[in-house]
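Text of entry_2.cif, listed as mmCIF, C-alpha atoms:
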```
data_my_file
loop_
_atom_site.label_atom_id
_atom_site.label_comp_id
_atom_site.auth_asym_id
_atom_site.auth_seq_id
_atom_site.Cartn_x
_atom_site.Cartn_y
_atom_site.Cartn_z
CA MET A 1409 16.94 5.17 -4.98
CA GLU A 1410 16.54 1.86 -3.16
CA VAL A 1411 15.49 2.17 0.47
CA LYS A 1412 16.74 -0.44 2.90
CA VAL A 1413 14.02 -1.54 5.31
CA ARG A 1414 14.90 -2.72 8.78
CA LYS A 1415 13.15 -5.82 10.03
CA VAL A 1416 13.86 -5.06 13.68
CA PHE A 1417 13.23 -1.86 15.64
CA ARG A 1418 13.77 -0.88 19.23
CA SER A 1419 10.33 -0.64 20.81
CA GLY A 1420 10.99 2.97 21.79
CA ASN A 1421 11.46 3.86 18.12
CA VAL A 1422 8.01 2.48 17.24
CA ILE A 1423 6.33 4.79 19.74
CA GLY A 1424 5.03 7.91 18.03
CA ILE A 1425 5.01 6.51 14.50
CA PRO A 1426 1.85 7.66 12.69
CA VAL A 1427 -0.88 5.20 11.72
CA LEU A 1428 -2.76 5.81 8.47
CA THR A 1429 -5.62 4.26 6.55
CA PRO A 1430 -4.92 2.72 3.12
CA GLU A 1431 -6.28 6.01 1.71
CA HIS A 1432 -3.47 7.80 3.56
CA LYS A 1433 -5.75 9.43 6.17
CA LYS A 1434 -4.17 9.73 9.59
CA LEU A 1435 -5.80 7.73 12.37
CA GLY A 1436 -3.37 8.45 15.19
CA ASN A 1437 0.00 7.36 16.55
CA ILE A 1438 1.45 4.27 18.17
CA GLU A 1439 1.58 5.01 21.90
CA GLU A 1440 2.69 1.67 23.32
CA THR A 1441 3.30 -1.95 22.48
CA VAL A 1442 2.01 -4.95 24.43
CA ILE A 1443 4.36 -7.93 24.49
CA ASP A 1444 3.33 -11.58 24.75
CA ILE A 1445 5.85 -12.76 27.32
CA GLN A 1446 5.53 -16.44 26.37
CA SER A 1447 6.21 -15.96 22.66
CA GLY A 1448 8.43 -12.88 22.95
CA ARG A 1449 6.45 -11.19 20.19
CA VAL A 1450 4.46 -7.98 20.04
CA ALA A 1451 0.81 -8.92 20.58
CA TYR A 1452 -0.79 -5.48 20.24
CA ALA A 1453 0.09 -1.94 19.42
CA VAL A 1454 -1.81 0.73 21.30
CA LEU A 1455 -3.08 3.45 19.00
CA SER A 1456 -4.12 6.90 20.21
CA PHE A 1457 -7.08 8.31 18.36
CA GLY A 1458 -10.00 10.70 18.58
CA GLY A 1459 -8.66 13.63 20.52
CA PHE A 1460 -7.78 17.17 19.57
CA PHE A 1461 -4.08 18.06 19.76
CA GLY A 1462 -3.49 15.17 22.16
CA TYR A 1463 -6.37 16.02 24.49
CA GLY A 1464 -9.24 13.59 24.83
CA ASP A 1465 -7.49 10.83 22.91
CA LYS A 1466 -8.71 7.33 23.52
CA PHE A 1467 -6.40 4.39 23.27
CA PHE A 1468 -7.21 1.32 21.20
CA ALA A 1469 -5.37 -2.00 21.21
CA VAL A 1470 -4.87 -3.34 17.71
CA PRO A 1471 -3.37 -6.78 17.02
CA TRP A 1472 0.14 -6.37 15.67
CA GLU A 1473 -0.70 -8.48 12.61
CA GLU A 1474 -3.13 -5.79 11.46
CA PHE A 1475 -0.32 -3.30 10.83
CA SER A 1476 1.70 -2.92 7.66
CA PHE A 1477 4.89 -0.88 7.91
CA VAL A 1478 5.78 1.65 5.21
CA HIS A 1479 9.32 2.98 5.07
CA ASP A 1480 10.39 5.34 2.34
CA GLU A 1481 12.93 8.11 1.86
CA LYS A 1482 10.71 10.72 3.52
CA GLU A 1483 8.78 8.98 6.28
CA ASN A 1484 7.91 5.89 8.26
CA TYR A 1485 4.33 5.00 9.09
CA PHE A 1486 2.00 2.11 9.74
CA VAL A 1487 -1.15 1.33 7.78
CA ILE A 1488 -4.19 -0.51 9.11
CA ASP A 1489 -7.15 -1.41 6.94
CA THR A 1490 -9.91 0.39 8.82
CA THR A 1491 -11.74 3.70 8.95
CA LYS A 1492 -12.11 6.28 11.71
CA GLU A 1493 -15.74 5.26 12.06
CA ARG A 1494 -14.90 1.58 12.50
CA LEU A 1495 -12.19 2.41 15.00
CA MET A 1496 -14.67 4.41 17.08
CA GLU A 1497 -16.84 1.27 17.39
CA LEU A 1498 -14.03 -0.60 19.13
CA PRO A 1499 -13.73 -0.66 22.91
CA GLY A 1500 -11.11 1.94 23.69
CA PHE A 1501 -9.71 3.00 27.02
CA ASP A 1502 -8.44 6.13 28.71
CA LYS A 1503 -4.69 6.59 28.72
CA GLU A 1504 -4.83 6.90 32.51
CA VAL A 1505 -7.04 3.80 33.04
CA TRP A 1506 -5.65 0.80 31.20
CA PRO A 1507 -7.44 -2.54 31.04
CA ASP A 1508 -5.73 -5.60 32.47
CA VAL A 1509 -3.90 -6.61 29.30
CA ALA A 1510 -2.89 -9.95 30.86
CA ASN A 1511 -6.57 -10.90 31.25
CA SER A 1512 -7.70 -13.47 28.66
CA ASP A 1513 -11.15 -11.81 28.53
CA TRP A 1514 -9.47 -8.63 27.34
CA ASP A 1515 -7.67 -10.59 24.60
CA ALA A 1516 -10.99 -12.10 23.54
CA ILE A 1517 -12.59 -8.66 23.31
CA VAL A 1518 -9.85 -7.22 21.14
CA ASP A 1519 -9.57 -10.33 18.99
CA SER A 1520 -13.33 -10.45 18.38
CA HIS A 1521 -13.18 -7.09 16.62
CA TYR A 1522 -10.56 -8.35 14.25
CA GLN A 1523 -12.25 -11.71 13.62
CA ARG A 1524 -9.30 -13.63 14.97
CA GLU A 1525 -10.10 -17.24 15.67
CA ASP A 1526 -8.05 -17.70 18.83
CA ASP A 1527 -11.16 -18.00 21.01
CA ASP A 1528 -14.74 -19.10 20.61
CA GLN A 1529 -16.95 -16.30 19.19
CA ASP A 1530 -19.65 -16.73 21.89
CA GLU A 1531 -17.02 -16.28 24.60
CA ASN A 1532 -15.75 -13.16 22.83
CA GLU A 1533 -19.20 -11.60 22.72
CA GLU A 1534 -19.85 -12.46 26.37
CA ALA A 1535 -16.50 -10.97 27.40
CA LEU A 1536 -17.22 -7.85 25.37
CA GLU A 1537 -20.55 -7.31 27.12
CA GLU A 1538 -18.90 -7.79 30.52
CA TYR A 1539 -16.15 -5.32 29.60
CA ARG A 1540 -18.64 -2.70 28.40
CA SER A 1541 -20.65 -3.12 31.59
CA GLU A 1542 -17.51 -2.55 33.68
CA GLN A 1543 -16.63 0.54 31.62
CA ARG A 1544 -20.12 2.01 32.14
CA HIS A 1545 -19.84 1.33 35.87
CA GLN A 1546 -16.39 2.99 36.09
CA SER A 1547 -17.54 6.11 34.22
CA ARG A 1548 -20.28 6.83 36.78
#
```

What would the structure in this file look like if it were written as structure tokens?
Amino acid sequence: MEVKVRKVFRSGNVIGIPVLTPEHKKLGNIEETVIDIQSGRVAYAVLSFGGFFGYGDKFFAVPWEEFSFVHDEKENYFVIDTTKERLMELPGFDKEVWPDVANSDWDAIVDSHYQREDDDQDENEEALEEYRSEQRHQSR
């Protein structure tokens, strides 16, 4: 049976959709989307990962372009080409303490992990070190 795939979703319907690896291992769920106000497009999806039954989850911003959507007769889910181990290397954040997503340094940090060429690599690495330093300071 042919399955008709929608090209547009209400943002609320994206929240909660599972995210899997290409090997069909669950990484987490979409918790939020971050919109680029200038372009009107989704810039990042926020993925919850690493907790146990929803407790202790960390959030990770993943560029929207990294996701592939799968829609079949039984389920909808997103796929990103990564592993749990690689995801744990990324700078995550607590669901109660969000980074300033409008800050260009934050964009640079996220983009550097996905080898996006929007910013200079040296600036990305510098911003990442500054972000990690701030996170260590906040956790004390």

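When the distance limit is 8 Å and only C-alpha atoms are what count, the residues near region 1498-1511 of chain A, minus those fewer than 3 positions from it on the same chain, are A:Val1442, A:Asp1465, A:Lys1466, A:Phe1467, A:Phe1468, A:Ala1469, A:Arg1494, A:Leu1495, A:Trp1514, A:Asp1515, A:Val1518, A:His1521, A:Arg1540.
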
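Distances from A:Leu1435, A:Ala1516, A:Val1422, A:Leu1428 to Gly1458 (chain A) were compared using only C-alpha atoms, and the smallest one belongs to A:Leu1435.
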
Could you check how far CA of Ile1443 (chain A) sits from CA of Glu1497 (chain A), in Å to one decimal?
24.2 Å

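The smallest atom-to-atom distance between Ile1425 (chain A) and any of A:Asp1519, A:Glu1493, A:Glu1474, A:Glu1483, using only C-alpha atoms, is found for A:Glu1483.
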
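The smallest atom-to-atom distance between Lys1492 (chain A) and any of A:Ser1512, A:Ser1419, A:Thr1441, A:Ser1456, using all atoms listed in the file, is found for A:Ser1456.
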